[in-house]
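Reproduced below: my_file_28.cif, with mmCIF, C-alpha atoms (C1' of nucleotides).
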data_start
#
loop_
_atom_site.label_atom_id
_atom_site.label_comp_id
_atom_site.auth_asym_id
_atom_site.auth_seq_id
_atom_site.Cartn_x
_atom_site.Cartn_y
_atom_site.Cartn_z
CA MET Q 14 93.79 94.47 84.03
CA ALA Q 15 93.91 92.39 87.13
CA ARG Q 16 92.23 89.08 87.54
CA TRP Q 17 90.32 90.16 90.61
CA GLU Q 18 88.79 93.45 91.53
CA PRO Q 19 91.96 95.52 91.76
CA ASP Q 20 90.89 97.88 94.49
CA SER Q 21 90.28 95.44 97.32
CA ARG Q 22 92.48 97.53 99.62
CA MET Q 23 90.50 100.70 99.03
CA ARG Q 24 87.20 98.85 99.30
CA LEU Q 25 88.30 97.61 102.70
CA VAL Q 26 89.34 101.09 103.79
CA ARG Q 27 86.03 102.61 102.75
CA ALA Q 28 84.04 99.81 104.36
CA ALA Q 29 86.01 100.22 107.58
CA ILE Q 30 85.55 103.99 107.79
CA ASP Q 31 81.85 103.67 107.01
CA LEU Q 32 81.26 101.00 109.63
CA PHE Q 33 83.39 102.68 112.29
CA ALA Q 34 81.48 105.92 111.74
CA GLU Q 35 78.09 104.22 111.68
CA GLN Q 36 78.32 101.89 114.65
CA GLY Q 37 81.63 102.54 116.37
CA TYR Q 38 85.05 100.93 116.31
CA ASP Q 39 84.52 98.35 119.04
CA GLU Q 40 81.15 97.32 117.67
CA THR Q 41 82.63 96.59 114.24
CA THR Q 42 84.33 93.26 113.59
CA VAL Q 43 86.95 92.66 110.95
CA ALA Q 44 84.70 90.01 109.42
CA GLU Q 45 82.00 92.68 109.01
CA ILE Q 46 84.38 95.06 107.27
CA ALA Q 47 85.52 92.34 104.93
CA ALA Q 48 81.97 91.25 104.18
CA ARG Q 49 80.92 94.79 103.25
CA ALA Q 50 83.89 94.92 100.88
CA GLY Q 51 82.86 91.58 99.40
CA LEU Q 52 85.84 89.81 100.91
CA THR Q 53 86.72 87.68 103.91
CA LYS Q 54 88.65 88.14 107.14
CA ALA Q 55 91.68 86.32 105.76
CA THR Q 56 92.00 88.80 102.89
CA PHE Q 57 91.69 91.72 105.29
CA PHE Q 58 94.71 90.52 107.25
CA ARG Q 59 96.66 89.95 104.04
CA GLN Q 60 96.19 93.65 103.27
CA PHE Q 61 96.61 95.11 106.75
CA ARG Q 62 98.68 94.03 109.74
CA ASP Q 63 95.80 94.58 112.15
CA LYS Q 64 92.37 96.12 112.53
CA ARG Q 65 93.75 99.61 113.26
CA GLU Q 66 96.12 99.72 110.33
CA VAL Q 67 93.30 99.91 107.78
CA LEU Q 68 92.97 103.60 108.69
CA PHE Q 69 96.67 104.41 108.61
CA ALA Q 70 98.23 102.40 105.80
CA GLY Q 71 97.82 105.36 103.46
CA GLN Q 72 100.27 107.36 105.56
CA ASP Q 73 103.20 105.04 105.11
CA ALA Q 74 104.25 106.81 101.94
CA HIS Q 75 104.60 110.11 103.77
CA SER Q 76 107.80 109.12 105.55
CA THR Q 77 109.44 108.30 102.26
CA LEU Q 78 108.27 111.53 100.65
CA LEU Q 79 109.49 113.64 103.56
CA ALA Q 80 112.91 111.99 103.44
CA GLU Q 81 113.13 112.42 99.69
CA GLY Q 82 112.25 116.08 100.03
CA VAL Q 83 115.07 116.60 102.48
CA ALA Q 84 117.53 114.68 100.34
CA ALA Q 85 116.64 116.70 97.24
CA ALA Q 86 116.89 120.13 98.88
CA PRO Q 87 119.69 122.44 97.68
CA ASP Q 88 123.10 122.49 99.36
CA GLY Q 89 123.54 124.91 102.20
CA ALA Q 90 119.91 124.77 103.27
CA THR Q 91 119.27 125.39 106.95
CA PRO Q 92 117.45 122.74 109.03
CA LEU Q 93 114.11 124.50 108.71
CA GLU Q 94 114.61 125.02 104.99
CA LEU Q 95 115.18 121.28 104.70
CA VAL Q 96 111.98 120.68 106.64
CA ALA Q 97 110.13 123.08 104.37
CA ALA Q 98 111.43 121.15 101.38
CA ALA Q 99 110.17 117.95 102.99
CA LEU Q 100 106.71 119.43 103.46
CA ASP Q 101 106.72 120.57 99.83
CA ALA Q 102 107.58 117.06 98.72
CA VAL Q 103 104.62 115.56 100.56
CA THR Q 104 102.15 118.21 99.43
CA ALA Q 105 101.41 116.40 96.19
CA SER Q 106 99.77 113.64 98.27
CA PHE Q 107 96.92 115.93 99.23
CA VAL Q 108 94.55 116.54 96.35
CA GLU Q 109 91.25 118.35 96.67
CA GLU Q 110 89.11 115.24 96.33
CA GLN Q 111 90.50 113.87 99.58
CA ARG Q 112 89.55 116.71 101.89
CA ALA Q 113 86.24 115.17 102.90
CA PHE Q 114 87.86 111.77 103.22
CA GLY Q 115 90.49 113.22 105.52
CA ALA Q 116 87.89 114.88 107.68
CA ARG Q 117 85.98 111.63 108.11
CA LEU Q 118 89.20 109.81 108.87
CA ARG Q 119 90.18 112.31 111.53
CA ALA Q 120 86.79 112.07 113.19
CA VAL Q 121 86.90 108.28 113.34
CA VAL Q 122 90.46 108.21 114.66
CA ALA Q 123 89.59 110.70 117.39
CA SER Q 124 86.68 108.53 118.50
CA HIS Q 125 88.73 105.69 119.97
CA ASP Q 126 91.89 105.59 122.07
CA GLU Q 127 93.21 102.56 120.24
CA LEU Q 128 93.24 104.61 117.04
CA VAL Q 129 94.65 107.71 118.72
CA GLU Q 130 97.44 105.49 119.99
CA ARG Q 131 98.26 104.22 116.52
CA ASP Q 132 98.18 107.81 115.33
CA ALA Q 133 100.76 108.78 117.95
CA PHE Q 134 102.93 105.87 116.84
CA LYS Q 135 102.72 106.83 113.19
CA ARG Q 136 103.54 110.39 114.09
CA ALA Q 137 106.62 109.27 115.99
CA GLY Q 138 107.60 107.27 112.94
CA LEU Q 139 107.26 110.32 110.71
CA ALA Q 140 109.35 112.40 113.09
CA GLY Q 141 111.97 109.67 113.23
CA ALA Q 142 112.21 109.44 109.45
CA LEU Q 143 112.45 113.19 109.09
CA ARG Q 144 115.06 113.41 111.80
CA ALA Q 145 117.14 110.67 110.15
CA ALA Q 146 116.96 112.47 106.81
CA LEU Q 147 118.13 115.68 108.46
CA ARG Q 148 121.02 113.91 110.13
CA GLU Q 149 121.90 112.48 106.73
CA ARG Q 150 122.28 116.05 105.56
CA GLY Q 151 124.75 116.78 108.32
CA ILE Q 152 122.43 118.37 110.88
CA ALA Q 153 123.46 117.65 114.46
CA ASP Q 154 121.26 115.36 116.50
CA THR Q 155 119.48 117.81 118.78
CA PRO Q 156 118.56 120.43 116.16
CA ALA Q 157 117.61 117.62 113.77
CA GLY Q 158 115.21 116.20 116.33
CA LEU Q 159 113.73 119.60 117.08
CA ALA Q 160 113.34 120.59 113.44
CA ALA Q 161 111.76 117.21 112.70
CA GLU Q 162 109.32 117.69 115.56
CA LEU Q 163 108.36 121.13 114.30
CA GLY Q 164 107.95 119.75 110.80
CA VAL Q 165 105.65 116.94 111.87
CA GLU Q 166 103.63 119.29 114.03
CA ALA Q 167 103.23 121.67 111.08
CA PHE Q 168 102.32 118.68 108.91
CA HIS Q 169 99.50 117.69 111.23
CA ARG Q 170 98.21 121.17 111.96
CA ALA Q 171 98.09 121.93 108.26
CA PHE Q 172 96.29 118.66 107.60
CA ALA Q 173 93.69 119.48 110.23
CA ARG Q 174 93.05 122.91 108.76
CA TRP Q 175 92.98 121.51 105.23
CA CYS Q 176 90.42 118.89 106.18
CA ASP Q 177 88.35 121.54 107.92
CA GLY Q 178 87.93 123.20 104.56
CA GLU Q 179 90.22 126.22 104.67
CA PRO Q 180 90.50 127.69 101.19
CA GLU Q 181 94.30 127.48 100.83
CA ASP Q 182 95.93 124.42 99.36
CA TYR Q 183 97.83 122.09 101.63
CA GLY Q 184 101.30 123.36 100.78
CA THR Q 185 100.41 126.92 101.70
CA LEU Q 186 98.97 125.85 105.03
CA ALA Q 187 101.98 123.70 105.86
CA ARG Q 188 104.40 126.51 105.12
CA ALA Q 189 102.38 128.92 107.23
CA GLU Q 190 102.25 126.50 110.15
CA LEU Q 191 105.96 125.83 109.98
CA ASP Q 192 106.70 129.55 109.98
CA ALA Q 193 104.37 130.12 112.91
CA LEU Q 194 105.96 127.31 114.90
CA HIS Q 195 109.43 128.58 114.14
CA ALA Q 196 108.53 132.08 115.31
CA ALA Q 197 106.96 130.72 118.49
CA ALA Q 198 109.96 128.50 119.17
CA ALA Q 199 112.38 131.38 118.73
CA ALA Q 200 110.33 133.51 121.12
CA LEU Q 201 110.15 130.86 123.87
CA ARG Q 202 111.53 132.02 127.19
CA MET X 18 97.48 95.06 157.02
CA ALA X 19 95.72 93.75 153.99
CA ARG X 20 93.97 90.46 153.80
CA TRP X 21 95.88 89.37 150.73
CA GLU X 22 99.43 90.00 149.69
CA PRO X 23 99.27 93.77 149.25
CA ASP X 24 101.77 94.06 146.43
CA SER X 25 100.04 92.02 143.79
CA ARG X 26 100.43 94.88 141.33
CA MET X 27 104.16 95.10 141.77
CA ARG X 28 104.51 91.31 141.70
CA LEU X 29 102.76 91.31 138.34
CA VAL X 30 104.98 94.09 137.02
CA ARG X 31 108.16 92.28 138.06
CA ALA X 32 106.95 88.97 136.67
CA ALA X 33 106.05 90.64 133.38
CA ILE X 34 109.40 92.38 132.98
CA ASP X 35 111.26 89.20 133.85
CA LEU X 36 109.31 87.07 131.41
CA PHE X 37 109.39 89.62 128.60
CA ALA X 38 113.16 89.92 129.02
CA GLU X 39 113.69 86.17 129.26
CA GLN X 40 111.56 84.88 126.43
CA GLY X 41 110.13 87.88 124.58
CA TYR X 42 106.88 89.78 124.63
CA ASP X 43 104.98 87.73 122.07
CA GLU X 44 106.08 84.45 123.60
CA THR X 45 104.77 85.44 127.03
CA THR X 46 101.09 85.00 127.82
CA VAL X 47 99.18 86.95 130.41
CA ALA X 48 98.35 83.69 132.16
CA GLU X 49 102.07 82.99 132.49
CA ILE X 50 102.75 86.38 134.02
CA ALA X 51 99.92 85.92 136.49
CA ALA X 52 101.08 82.43 137.40
CA ARG X 53 104.62 83.61 138.16
CA ALA X 54 103.11 86.28 140.42
CA GLY X 55 101.01 83.62 142.13
CA LEU X 56 97.79 84.99 140.62
CA THR X 57 95.46 84.34 137.73
CA LYS X 58 94.64 86.00 134.43
CA ALA X 59 91.47 87.54 135.82
CA THR X 60 93.40 89.35 138.53
CA PHE X 61 95.91 90.63 136.00
CA PHE X 62 93.15 92.31 134.02
CA ARG X 63 91.68 93.78 137.18
CA GLN X 64 95.00 95.52 137.78
CA PHE X 65 95.85 96.51 134.19
CA ARG X 66 93.70 97.42 131.24
CA ASP X 67 95.70 95.22 128.89
CA LYS X 68 98.92 93.26 128.50
CA ARG X 69 100.96 96.34 127.53
CA GLU X 70 99.81 98.51 130.39
CA VAL X 71 101.64 96.44 133.00
CA LEU X 72 104.84 98.21 131.90
CA PHE X 73 103.38 101.72 131.84
CA ALA X 74 100.94 102.01 134.72
CA GLY X 75 103.68 103.47 136.89
CA GLN X 76 103.87 106.51 134.61
CA ASP X 77 100.30 107.62 135.12
CA ALA X 78 101.25 109.64 138.17
CA HIS X 79 103.71 111.72 136.15
CA SER X 80 101.02 113.68 134.34
CA THR X 81 99.52 114.75 137.64
CA LEU X 82 102.88 115.69 139.09
CA LEU X 83 103.83 117.74 136.04
CA ALA X 84 100.54 119.61 136.14
CA GLU X 85 100.88 120.25 139.87
CA GLY X 86 104.37 121.57 139.37
CA VAL X 87 103.12 124.06 136.80
CA ALA X 88 100.22 125.11 138.98
CA ALA X 89 102.47 125.69 141.99
CA ALA X 90 105.08 127.76 140.16
CA PRO X 91 105.43 131.43 141.15
CA ASP X 92 103.49 134.16 139.39
CA GLY X 93 105.16 135.77 136.42
CA ALA X 94 107.05 132.64 135.45
CA THR X 95 107.82 132.25 131.75
CA PRO X 96 106.63 129.15 129.87
CA LEU X 97 109.97 127.42 130.19
CA GLU X 98 110.23 128.33 133.86
CA LEU X 99 106.85 126.70 134.33
CA VAL X 100 108.11 123.62 132.52
CA ALA X 101 111.20 123.58 134.71
CA ALA X 102 108.96 123.70 137.77
CA ALA X 103 107.00 120.77 136.36
CA LEU X 104 110.19 118.75 135.92
CA ASP X 105 111.22 119.59 139.47
CA ALA X 106 107.87 118.36 140.74
CA VAL X 107 108.28 114.98 139.06
CA THR X 108 111.89 114.51 140.11
CA ALA X 109 110.92 113.04 143.46
CA SER X 110 109.52 110.03 141.58
CA PHE X 111 113.00 108.94 140.58
CA VAL X 112 114.93 107.49 143.48
CA GLU X 113 118.28 105.78 143.15
CA GLU X 114 116.94 102.28 143.70
CA GLN X 115 114.95 102.47 140.49
CA ARG X 116 117.74 103.18 138.06
CA ALA X 117 118.35 99.54 137.21
CA PHE X 118 114.63 98.92 137.03
CA GLY X 119 114.25 101.79 134.59
CA ALA X 120 117.02 100.48 132.41
CA ARG X 121 115.42 97.04 132.20
CA LEU X 122 112.07 98.62 131.47
CA ARG X 123 113.49 100.71 128.66
CA ALA X 124 115.17 97.69 127.09
CA VAL X 125 111.99 95.63 127.15
CA VAL X 126 109.86 98.43 125.74
CA ALA X 127 112.31 98.99 122.90
CA SER X 128 112.15 95.30 121.99
CA HIS X 129 108.61 95.30 120.63
CA ASP X 130 106.66 97.72 118.46
CA GLU X 131 103.48 97.20 120.43
CA LEU X 132 105.25 98.55 123.50
CA VAL X 133 106.93 101.38 121.61
CA GLU X 134 103.48 102.34 120.39
CA ARG X 135 102.08 102.48 123.90
CA ASP X 136 105.11 104.52 124.90
CA ALA X 137 104.36 107.05 122.16
CA PHE X 138 100.78 107.23 123.36
CA LYS X 139 101.78 107.81 126.97
CA ARG X 140 104.23 110.44 125.85
CA ALA X 141 101.48 112.24 123.94
CA GLY X 142 99.38 112.08 127.08
CA LEU X 143 102.15 113.64 129.14
CA ALA X 144 102.59 116.42 126.60
CA GLY X 145 98.86 117.03 126.54
CA ALA X 146 98.66 117.27 130.32
CA LEU X 147 101.62 119.61 130.47
CA ARG X 148 100.21 121.74 127.66
CA ALA X 149 96.84 121.99 129.42
CA ALA X 150 98.52 123.04 132.65
CA LEU X 151 100.44 125.74 130.81
CA ARG X 152 97.30 127.02 129.16
CA GLU X 153 95.72 127.12 132.60
CA ARG X 154 98.48 129.52 133.57
CA GLY X 155 97.60 131.82 130.71
CA ILE X 156 100.15 130.67 128.13
CA ALA X 157 98.85 130.92 124.57
CA ASP X 158 98.17 127.70 122.72
CA THR X 159 101.11 127.50 120.35
CA PRO X 160 103.86 128.36 122.84
CA ALA X 161 102.17 126.12 125.41
CA GLY X 162 102.29 123.21 123.00
CA LEU X 163 105.91 123.88 122.10
CA ALA X 164 107.05 124.32 125.69
CA ALA X 165 105.21 121.13 126.66
CA GLU X 166 106.90 119.26 123.85
CA LEU X 167 110.31 120.48 124.94
CA GLY X 168 109.49 119.55 128.51
CA VAL X 169 108.48 116.01 127.67
CA GLU X 170 111.49 115.57 125.43
CA ALA X 171 113.75 116.75 128.27
CA PHE X 172 111.87 114.42 130.62
CA HIS X 173 112.61 111.41 128.44
CA ARG X 174 116.18 112.29 127.56
CA ALA X 175 116.99 112.82 131.20
CA PHE X 176 115.34 109.51 132.09
CA ALA X 177 117.41 107.71 129.48
CA ARG X 178 120.65 109.21 130.78
CA TRP X 179 119.64 108.55 134.38
CA CYS X 180 118.91 104.90 133.63
CA ASP X 181 122.23 104.61 131.82
CA GLY X 182 123.93 105.38 135.09
CA GLU X 183 125.10 108.98 134.77
CA PRO X 184 126.24 110.22 138.15
CA GLU X 185 123.93 113.24 138.43
CA ASP X 186 120.53 112.92 140.02
CA TYR X 187 117.45 113.05 137.82
CA GLY X 188 116.56 116.66 138.52
CA THR X 189 119.96 117.91 137.43
CA LEU X 190 119.80 115.94 134.20
CA ALA X 191 116.30 117.15 133.42
CA ARG X 192 117.25 120.79 133.93
CA ALA X 193 120.32 120.36 131.75
CA GLU X 194 118.31 118.73 128.97
CA LEU X 195 115.65 121.41 129.07
CA ASP X 196 118.29 124.13 128.84
CA ALA X 197 120.00 122.39 125.94
CA LEU X 198 116.73 121.98 124.08
CA HIS X 199 115.84 125.60 124.68
CA ALA X 200 119.18 126.77 123.33
CA ALA X 201 118.86 124.54 120.28
CA ALA X 202 115.32 125.71 119.64
CA ALA X 203 116.34 129.36 119.86
CA ALA X 204 119.15 128.74 117.41
CA LEU X 205 117.03 126.93 114.82
CA ARG X 206 117.11 128.53 111.39
"C1'" DG O 1 93.77 74.03 72.99
"C1'" DT O 2 95.97 71.48 76.51
"C1'" DG O 3 98.37 71.59 80.56
"C1'" DG O 4 101.22 73.81 84.07
"C1'" DT O 5 102.10 77.99 86.77
"C1'" DT O 6 101.04 82.02 89.35
"C1'" DG O 7 98.82 84.58 92.75
"C1'" DA O 8 94.77 86.41 95.04
"C1'" DT O 9 91.19 84.60 97.55
"C1'" DG O 10 88.12 81.46 100.64
"C1'" DA O 11 87.48 78.06 104.39
"C1'" DG O 12 88.31 76.82 108.68
"C1'" DA O 13 91.14 75.40 112.65
"C1'" DC O 14 93.62 77.38 116.33
"C1'" DC O 15 95.42 80.29 120.27
"C1'" DG O 16 95.75 84.29 123.07
"C1'" DC O 17 93.62 88.69 124.53
"C1'" DG O 18 90.15 90.80 127.00
"C1'" DT O 19 85.34 90.69 129.15
"C1'" DC O 20 81.98 88.91 131.90
"C1'" DT O 21 79.50 86.26 135.50
"C1'" DC O 22 79.42 83.56 139.41
"C1'" DA O 23 81.55 81.33 143.34
"C1'" DT O 24 84.96 81.48 147.12
"C1'" DC O 25 86.94 83.11 151.21
"C1'" DA O 26 89.69 85.83 154.56
"C1'" DA O 27 89.22 89.95 157.35
"C1'" DC O 28 86.27 93.09 159.63
"C1'" DG O 29 82.23 94.99 162.28
"C1'" DT O 30 78.22 94.15 165.01
"C1'" DA U 9 77.99 83.84 165.67
"C1'" DC U 10 76.63 86.32 161.68
"C1'" DG U 11 76.50 89.42 157.72
"C1'" DT U 12 79.37 92.44 154.97
"C1'" DT U 13 83.15 93.69 152.19
"C1'" DG U 14 86.37 93.16 148.64
"C1'" DA U 15 90.10 90.75 146.40
"C1'" DT U 16 90.55 86.62 144.11
"C1'" DG U 17 89.64 82.13 141.28
"C1'" DA U 18 87.14 79.52 137.73
"C1'" DG U 19 85.52 79.24 133.47
"C1'" DA U 20 82.70 80.50 129.44
"C1'" DC U 21 82.64 83.55 125.58
"C1'" DG U 22 83.66 86.52 121.39
"C1'" DC U 23 86.99 88.69 118.63
"C1'" DG U 24 91.71 89.59 116.88
"C1'" DG U 25 95.26 87.63 114.46
"C1'" DT U 26 97.94 83.48 112.40
"C1'" DC U 27 98.33 79.54 109.82
"C1'" DT U 28 97.45 75.81 106.45
"C1'" DC U 29 95.18 73.97 102.69
"C1'" DA U 30 92.02 74.22 98.82
"C1'" DT U 31 90.09 76.89 94.96
"C1'" DC U 32 90.19 79.16 90.71
"C1'" DA U 33 90.82 82.80 87.20
"C1'" DA U 34 94.38 84.63 84.29
"C1'" DC U 35 98.60 83.88 82.01
"C1'" DC U 36 102.29 81.18 79.53
"C1'" DA U 37 104.57 77.51 76.92
"C1'" DC U 38 104.21 74.17 73.58
#
Could you render the structure as structure tokens?
Amino acid sequence: MARWEPDSRMRLVRAAIDLFAEQGYDETTVAEIAARAGLTKATFFRQFRDKREVLFAGQDAHSTLLAEGVAAAPDGATPLELVAAALDAVTASFVEEQRAFGARLRAVVASHDELVERDAFKRAGLAGALRAALRERGIADTPAGLAAELGVEAFHRAFARWCDGEPEDYGTLARAELDALHAAAAALR
Amino acid sequence: MARWEPDSRMRLVRAAIDLFAEQGYDETTVAEIAARAGLTKATFFRQFRDKREVLFAGQDAHSTLLAEGVAAAPDGATPLELVAAALDAVTASFVEEQRAFGARLRAVVASHDELVERDAFKRAGLAGALRAALRERGIADTPAGLAAELGVEAFHRAFARWCDGEPEDYGTLARAELDALHAAAAALR
DNA sequence: GTGGTTGATGAGACCGCGTCTCATCAACGT
DNA sequence: ACGTTGATGAGACGCGGTCTCATCAACCAC
């Protein structure tokens, strides 16, 4: 048991998404978010580096999971098999209860360039982590970068479909997207 | 003839790069940049949306050039031939005198996450523009996205090598990078 | 239990970013 | 000579983000 309400982070996240959706990102101040969560501005900035980060902090674990998935894959795996293992490792993060949450999150992010920009940055971070993990497994730089890019693209496409309510679980969608991207890449002329 | 010094934009850009390189991004205020350019903060924000944009405004023309290159390519061109045409179209932007400038720019951008983030955003914008131009030429969505991604990656790799002083001109480097990426993508397993 | 420690929180000052409004003024046309 | 145009300057304003100091509930040692 904690001495204070233990879920202040999540309260702030929910308050932020609600307010951004209700009245827009620019029209919402950090003090407002904190107040709705029963906290103050100072506490908000102790939890999140800046106003944008409240919507993205949950993704920071994904880089680690992807890298761990690559590291744990069997010997002799090809680059795309390593990427598939990475996607498998991150699949556990996506449980059914979060589909609606993810959909709301995506809508809010898409509503403001400042958030789209942070999204692009986080995505680059994911790709960088995946690429580094692949290099760690002996993959050369260029194929590692390409495989990482395909993996992150599959990751995002699968997330979009999952949030949109497709019946398959996340892991199935991610695998399918990775396969589709691989086939398309091999066919490029 | 203009009534005021006509190059206020470029003066601001140079002042910003100088100050960022000398004393760091965080330690440089917009008012300082404007003062070194003989202007004021208000004028800075009339020229650039925000403090970061002063380093990236020059790239906004690239999206247009890439799209025009795709649109002007001959009928029957494959996706990667369209991308190559796009890279050719943007090559004229890179003249010898700017190599050193590009190198300084790259160093400053790499020195601060806020600038790396804007770079990722601009890169996503380039890829989106290129992808849209490819779709306009009848390329299906997935291959268009992949070819655009390869094109932008080649664009950036070639720019990095060009700034680092490799003897070839930009167009040659870009073509070589695109070919290398294509080969690596086709070989991915 | 008494007292000290720990750690999350609140309060509030502070500075820079970014926006906005209004005034200024050089070049141009009539 | 006069009005227009358009870039600029001046300065107020609100919010983002940082920092310091005070508060206070839970825990620990004795």
Within 12 Å of chain X, which residues of chain O are there when counting only C-alpha atoms (C1' of nucleotides)? Please give them as a PyMOL selection string.
-> chain O and resi 15-20+25-28
Each chain U residue no farther than 12 Å from chain X, nearest pair in Å, only C-alpha atoms (C1' of nucleotides), as a Markdown table:
| residue | atom | partner | partner_atom | distance |
| --- | --- | --- | --- | --- |
| U:DT13 | C1' | X:Arg20 | CA | 11.4 |
| U:DG14 | C1' | X:Arg20 | CA | 9.6 |
| U:DA15 | C1' | X:Trp21 | CA | 7.4 |
| U:DT16 | C1' | X:Thr60 | CA | 6.8 |
| U:DG17 | C1' | X:Thr57 | CA | 7.2 |
| U:DA18 | C1' | X:Ala59 | CA | 9.3 |
| U:DG19 | C1' | X:Ala59 | CA | 10.5 |
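In this comparison, which uses only C-alpha atoms, the residue of Q:Ala140, Q:Val26, Q:Ala197, Q:Ala146 approaching chain X most closely is Q:Ala197.
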Could you please determine the separation between atom CA of Ala187 of chain Q and atom CA of Glu162 of chain Q in Å, to one decimal place?
->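 Computing it gives 13.6 Å between the two atoms.
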If you measure from atom CA of Arg28 of chain X to atom CA of Glu113 of chain X, what distance in Å do you get, rounded to one decimal?
-> 20.0 Å
Evaluating the PyMOL selection byres ((chain Q) within 7 of (chain X)) on the displayed file yields which residues, as a ChimeraX atom specification?
-> /Q:91-93,130-131,133-134,137,155-156,159,197-199,201-202
Care to translate the PyMOL selection byres ((chain Q and resi 34) around 10) into actual residues of this file, as a list in words?
-> Ala28, Ala29, Ile30, Asp31, Leu32, Phe33, Glu35, Gln36, Gly37, Tyr38, Thr41, Arg117, Leu118, Ala120, Val121, Val122 and Ser124 of chain Q
Expanded to explicit residues, what is the PyMOL selection byres ((chain Q and resi 184) around 10) for this file, as a PyMOL selection string?
-> chain Q and resi 97+100-105+107+168+171-172+175+181-183+185-190
